[in-house]
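Below you'll find the structure, written out as structure tokens, and then a few comments.
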Amino acid sequence: MQFDNRSRRSKILRDVNEIKASNSYTFTSVGESNLCMYELAPKEEITLHDFEDIASHRLKALRKIEELKLRHEKGTYDDFLASMTKELNPMFEPCILHKTTKDEDRNRIRRNDVIGHFALRLAFCRSSEDTKWFVTHEIELFRYRFQNETKSAIMNFFKDNMFDAEMVSQSEKEMKVEELAASYGLSPDQVRSTDIWEMDALDAVELVRKRKVFLRMGKVYLPYTSLITIIVQRLRSIINGAMARGNRYMGLIEEHDRLLPRLERLCKGGYGGKEYSATDGHTISRHQIDSASSKFFPLCMSSCHSHIRKNHHLKHGARRQYGLFLKAIGLSLEEALAFFREEFTQRIDSDKFDKQYGYNIRHMYGKEGKRQDYPAFSCASIILNNTPAHDDCHGCPYKHLAEDDLKSRLSGSKMKNENIAEIITLSKMNQFDKACTLQWELRHGQEPGSLQSTIVHPNQYYELAKEVIGVVKLGV
Ligand code: SF4
């Protein structure tokens with residue numbers, strides 16, 4: 001086994017040296033098109049700070065795409081595209097590369113596009129769930145950018161990426177108009193006004209296999225929608241293949257102190273602080289949760305708690321967010337099972353609870369599946385991942401609640417109106433951590449700005465609250 005690792009390591013070293021020695025790759029030599037298939041990794045050396053910075057920027061864009069997809073789940077694709085243009089373009093320069101005219105800016109954006117993609121590939125290749133998430137949102141990003149390209153830019157893209165595709169001339173289209181119309185369920189007039197692309201059938205094997213394409217003499221003739229399907233299929237297979245290789249080699253990267261913690265942080269949504277998975281000897285029973293919630297819980301967790309007490313149910317996202325938080329404040333597995341069972345069985349029978357939810361709770365405690373000791377979610381992870389739908393109770397209230405709902409949630413804690421207004425202003429400025437910190441200070445009778453740290457984790461909020469109020473006095 002050791003021998004195997006050694007030979008793999010020397011192969012990586014050989015590859016690295018080959019890449020460094022090759023003069024064929026620079027950011028300006030990958031072609032003139034705005035898009036690329038990310039087949040060649042960048043060979044340029046960059047600082048770790050830039051690496052992390054560029055990767056976090058791209059990650060924010062992918063999270064935004066996730067958020068917009070969820071928001072438009074039941075809407076039309078056109079509405080989704082309109083939101084992408086409105087919200088993604090201003091925050092992510094590669095989306096406006098096709099409008100960028102200065103060479104200097106174009107090269108910088110293209111460079112960051114490639115570095116960001118490869119950095120995240122590395123960060124997300126370590127588990128199949130992460131890989132799946134990354135590939136899904138990268139493909140959505142590519143699809144969006146592709147449809148903003150002009151025809152001449154698409155031709156450039158084909159040339160740079162060796163797609164043998166050409167747009168069919170009007171006269172040739174006229175000769176095949178009937179067959180094309182029948183193949184794609186279009187009227188002859190629609191075919192005349194649509195761009196049709198000709199491609200080698202070997203590049204469209206999947207569509208040929210599914211008989212979804214007009215094929216003649218080794219060539220396929222495709223409208224735009226089918227064309228993008230083929231390109232996206234090839235891109236997906238390139239990324240998946242590279243990430244599977246990355247996963248195999250990850251164990252051999254000797255970067256335990258520098259690169260690996262950064263990749264870890266990227267995956268966790270930018271949180272690099274203390275992990276809360278088990279308690280330092282403190283325990284809490286299920287009978288103490290009501291009292292603890294009213295005194296020590298941040299708004300995100302007291303919302304989940306009120307919801308389960310009122311509705312006797314929590315959906316998956318909230319169960320995980322709240323369940324892992326409870327585990328990290330010292331609720332044992334037995335107590336957690338009893339707590340959720342007592343609530344859920346007010347609506348379903350005990351057998352159903354065991355079958356549907358018992359496994360899930362044991363899984364959080366590392367007793368099922370991969371048997372991993374899952375840590376509680378940080379604020380970054382709650383804010384960036386798994387955006388709640390309108391009927392969900394998880395998420396961060398400062399980020400995910402509408403202003404009126406947040407106001408009424410804060411009013412419940414007997415806070416003065418001017419303080420509530422201040423917290424809401426911070427939330428509106430996307431300073432969720434500061435809003436939460438200010439709420440913590442006011443709730444615990446502290447001067448604004450007196451807490452020496454910013455709240456970045458719900459369990460940190462809980463610990464600080466316990467410290468300031470005193471455990472003994474409250475009996476929790
Ligand atoms: S900032 Fe963090 S601790 Fe505060 S409510 Fe949001 S997720 Fe919870």
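Starting from 1 in every chain, residues are counted up; chains themselves are A, B, ... following the order of the structure tokens, and ligands are numbered from 1 as listed.
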
*Determine, counting only C-alpha atoms, which protein, DNA and RNA residues have an atom within 9 Å of an atom of Ile239 (chain A); residues of the same chain fewer than 6 positions away are not included. Present the result as a VMD selection string.*
chain A and resid 37 to 39 121 135

How about saving the chosen residues, all heavy atoms kept, as a CSV table (one decimal), in the first residue's frame?
chain,number,residue,atom,x,y,z
A,37,MET,N,-14.0,24.8,-21.2
A,37,MET,CA,-14.5,23.5,-20.7
A,37,MET,C,-13.6,23.1,-19.5
A,37,MET,O,-13.8,22.0,-19.0
A,37,MET,CB,-14.4,22.5,-21.8
A,37,MET,CG,-15.2,22.8,-23.0
A,37,MET,SD,-17.0,22.7,-22.7
A,37,MET,CE,-17.3,21.0,-22.8
A,38,TYR,N,-12.8,23.9,-19.0
A,38,TYR,CA,-12.0,23.7,-17.8
A,38,TYR,C,-11.2,22.3,-17.9
A,38,TYR,O,-11.2,21.5,-17.0
A,38,TYR,CB,-12.8,23.7,-16.6
A,38,TYR,CG,-13.6,25.0,-16.4
A,38,TYR,CD1,-15.0,25.0,-16.7
A,38,TYR,CD2,-13.0,26.2,-16.1
A,38,TYR,CE1,-15.7,26.2,-16.5
A,38,TYR,CE2,-13.7,27.3,-16.0
A,38,TYR,CZ,-15.1,27.3,-16.2
A,38,TYR,OH,-15.8,28.5,-16.1
A,39,GLU,N,-10.6,22.1,-19.1
A,39,GLU,CA,-9.8,20.9,-19.3
A,39,GLU,C,-8.4,21.0,-18.8
A,39,GLU,O,-7.8,20.1,-18.3
A,39,GLU,CB,-9.9,20.4,-20.7
A,39,GLU,CG,-11.2,19.9,-21.1
A,39,GLU,CD,-11.3,19.3,-22.5
A,39,GLU,OE1,-11.4,20.1,-23.4
A,39,GLU,OE2,-11.2,18.1,-22.6
A,121,ARG,N,-13.1,23.0,-7.4
A,121,ARG,CA,-13.0,21.5,-7.7
A,121,ARG,C,-12.3,20.8,-6.6
A,121,ARG,O,-12.7,19.7,-6.2
A,121,ARG,CB,-12.2,21.4,-9.0
A,121,ARG,CG,-13.0,20.8,-10.1
A,121,ARG,CD,-12.1,20.5,-11.2
A,121,ARG,NE,-12.7,20.7,-12.5
A,121,ARG,CZ,-12.1,20.4,-13.7
A,121,ARG,NH1,-10.9,19.9,-13.7
A,121,ARG,NH2,-12.7,20.6,-14.8
A,135,VAL,N,-21.0,20.3,-9.1
A,135,VAL,CA,-21.2,20.1,-10.5
A,135,VAL,C,-22.6,20.6,-11.0
A,135,VAL,O,-22.7,21.4,-12.0
A,135,VAL,CB,-21.1,18.6,-10.9
A,135,VAL,CG1,-21.4,18.3,-12.4
A,135,VAL,CG2,-19.7,18.0,-10.6

*Residues up to 8 Å from ligand 1, counting only C-alpha atoms and all ligand atoms: could you list those as a PyMOL selection string?*
chain A and resi 298-301+378-380+382-383+395-399+432-437+455-461

Using only C-alpha atoms, find each residue in region 59-118 of chain A having at least one atom no more than 12 Å away from region 149-162 of chain A; report its shortest atom-to-atom pair and that distance in Å (one decimal), rows by chain then rising number, as JSON lines.
{"residue": "A:Pro94", "atom": "CA", "partner": "A:Glu149", "partner_atom": "CA", "distance": 11.8}
{"residue": "A:Cys95", "atom": "CA", "partner": "A:Glu149", "partner_atom": "CA", "distance": 10.1}
{"residue": "A:Ile96", "atom": "CA", "partner": "A:Glu149", "partner_atom": "CA", "distance": 10.0}
{"residue": "A:Leu97", "atom": "CA", "partner": "A:Glu149", "partner_atom": "CA", "distance": 9.5}
{"residue": "A:His98", "atom": "CA", "partner": "A:Glu149", "partner_atom": "CA", "distance": 6.6}
{"residue": "A:Lys99", "atom": "CA", "partner": "A:Glu149", "partner_atom": "CA", "distance": 9.5}

Restricting the output to N, CA and C atoms, write the selected residues as a compact mmCIF listing (two decimals), in the first residue's frame.
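Written out: again-v4.txt:
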# COMPACT_ATOMS: atom_id res chain seq x y z
N PRO A 94 -17.37 37.01 -14.34
CA PRO A 94 -17.43 36.17 -15.54
C PRO A 94 -18.78 36.22 -16.26
N CYS A 95 -19.85 36.56 -15.52
CA CYS A 95 -21.17 36.64 -16.16
C CYS A 95 -21.28 37.85 -17.08
N ILE A 96 -20.38 38.82 -16.92
CA ILE A 96 -20.46 39.98 -17.82
C ILE A 96 -19.21 40.08 -18.71
N LEU A 97 -18.52 38.94 -18.79
CA LEU A 97 -17.30 38.92 -19.61
C LEU A 97 -17.62 39.27 -21.07
N HIS A 98 -18.78 38.80 -21.55
CA HIS A 98 -19.13 39.06 -22.95
C HIS A 98 -19.35 40.56 -23.23
N LYS A 99 -19.51 41.34 -22.13
CA LYS A 99 -19.71 42.78 -22.35
C LYS A 99 -18.43 43.57 -22.07

*asked:* I'd like the contact shell of region 325-342 of chain A - 7 Å cut-off, only C-alpha atoms, skipping same-chain residues fewer than 3 positions apart - returned as number ranges by chain.
replied: A: 276-279, 282-286, 321-322, 345-346, 353, 358, 361-362, 365, 376, 459

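For the pair CA of Met199 (chain A) and CA of Tyr221 (chain A), the interatomic distance is 6.5 Å.
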
*May I ask for the distance between CA of Asp203 (chain A) and CA of Arg234 (chain A), given in Å to one decimal place?*
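Computing the Euclidean distance for CA of Asp203 (chain A) and CA of Arg234 (chain A) yields 8.7 Å.
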
*Find the residue from A:Asp130, A:Asp105, A:Glu264, A:Glu179 that sits nearest to Glu52 (chain A); use only C-alpha atoms when measuring.*
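Ranked by minimum distance to Glu52 (chain A), first place goes to A:Glu264.
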
*asked:* If you run DSSP on the backbone here, which positions in region 331-416 of chain A get alpha helix (DSSP H)? Please write them as a PyMOL selection string.
replied: chain A and resi 333-344+350-353+359-364+379-384+397-400+403-411

_Taking only C-alpha atoms into account, name the residue in A:Val177, A:Cys125, A:Cys267, A:Ala82 that is nearest to Leu59 (chain A)._
A:Cys267

*Tell me, as a count of residues only, which residues lie within 8 Å of region 60-65 of chain A, counting only C-alpha atoms; anything in the same chain fewer than 6 positions away does not count.*
11

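Counting only C-alpha atoms and comparing A:Lys274, A:His363, A:His313, A:His49, the residue that lies closest to Arg347 (chain A) is A:His313.
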
*Using only C-alpha atoms, which residues sit within 9 Å of Met415 (chain A) once same-chain residues fewer than 4 positions away are excluded, as a ChimeraX atom specification?*
/A:410-411,419-420,439,442-443

*Tell me, in Å to one decimal, how far CA of Gly116 (chain A) is from CA of Tyr224 (chain A).*
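Going from CA of Gly116 (chain A) over to CA of Tyr224 (chain A), I get 27.9 Å.
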
_Between A:Glu198, A:Arg143, A:Lys210, A:Phe296, which residue has the minimum interatomic distance to Val232 (chain A), considering only C-alpha atoms?_
A:Arg143

*Proximity to Leu186 (chain A) - best of A:Tyr374, A:Pro223, A:Gly445, A:His312, only C-alpha atoms*: A:Pro223
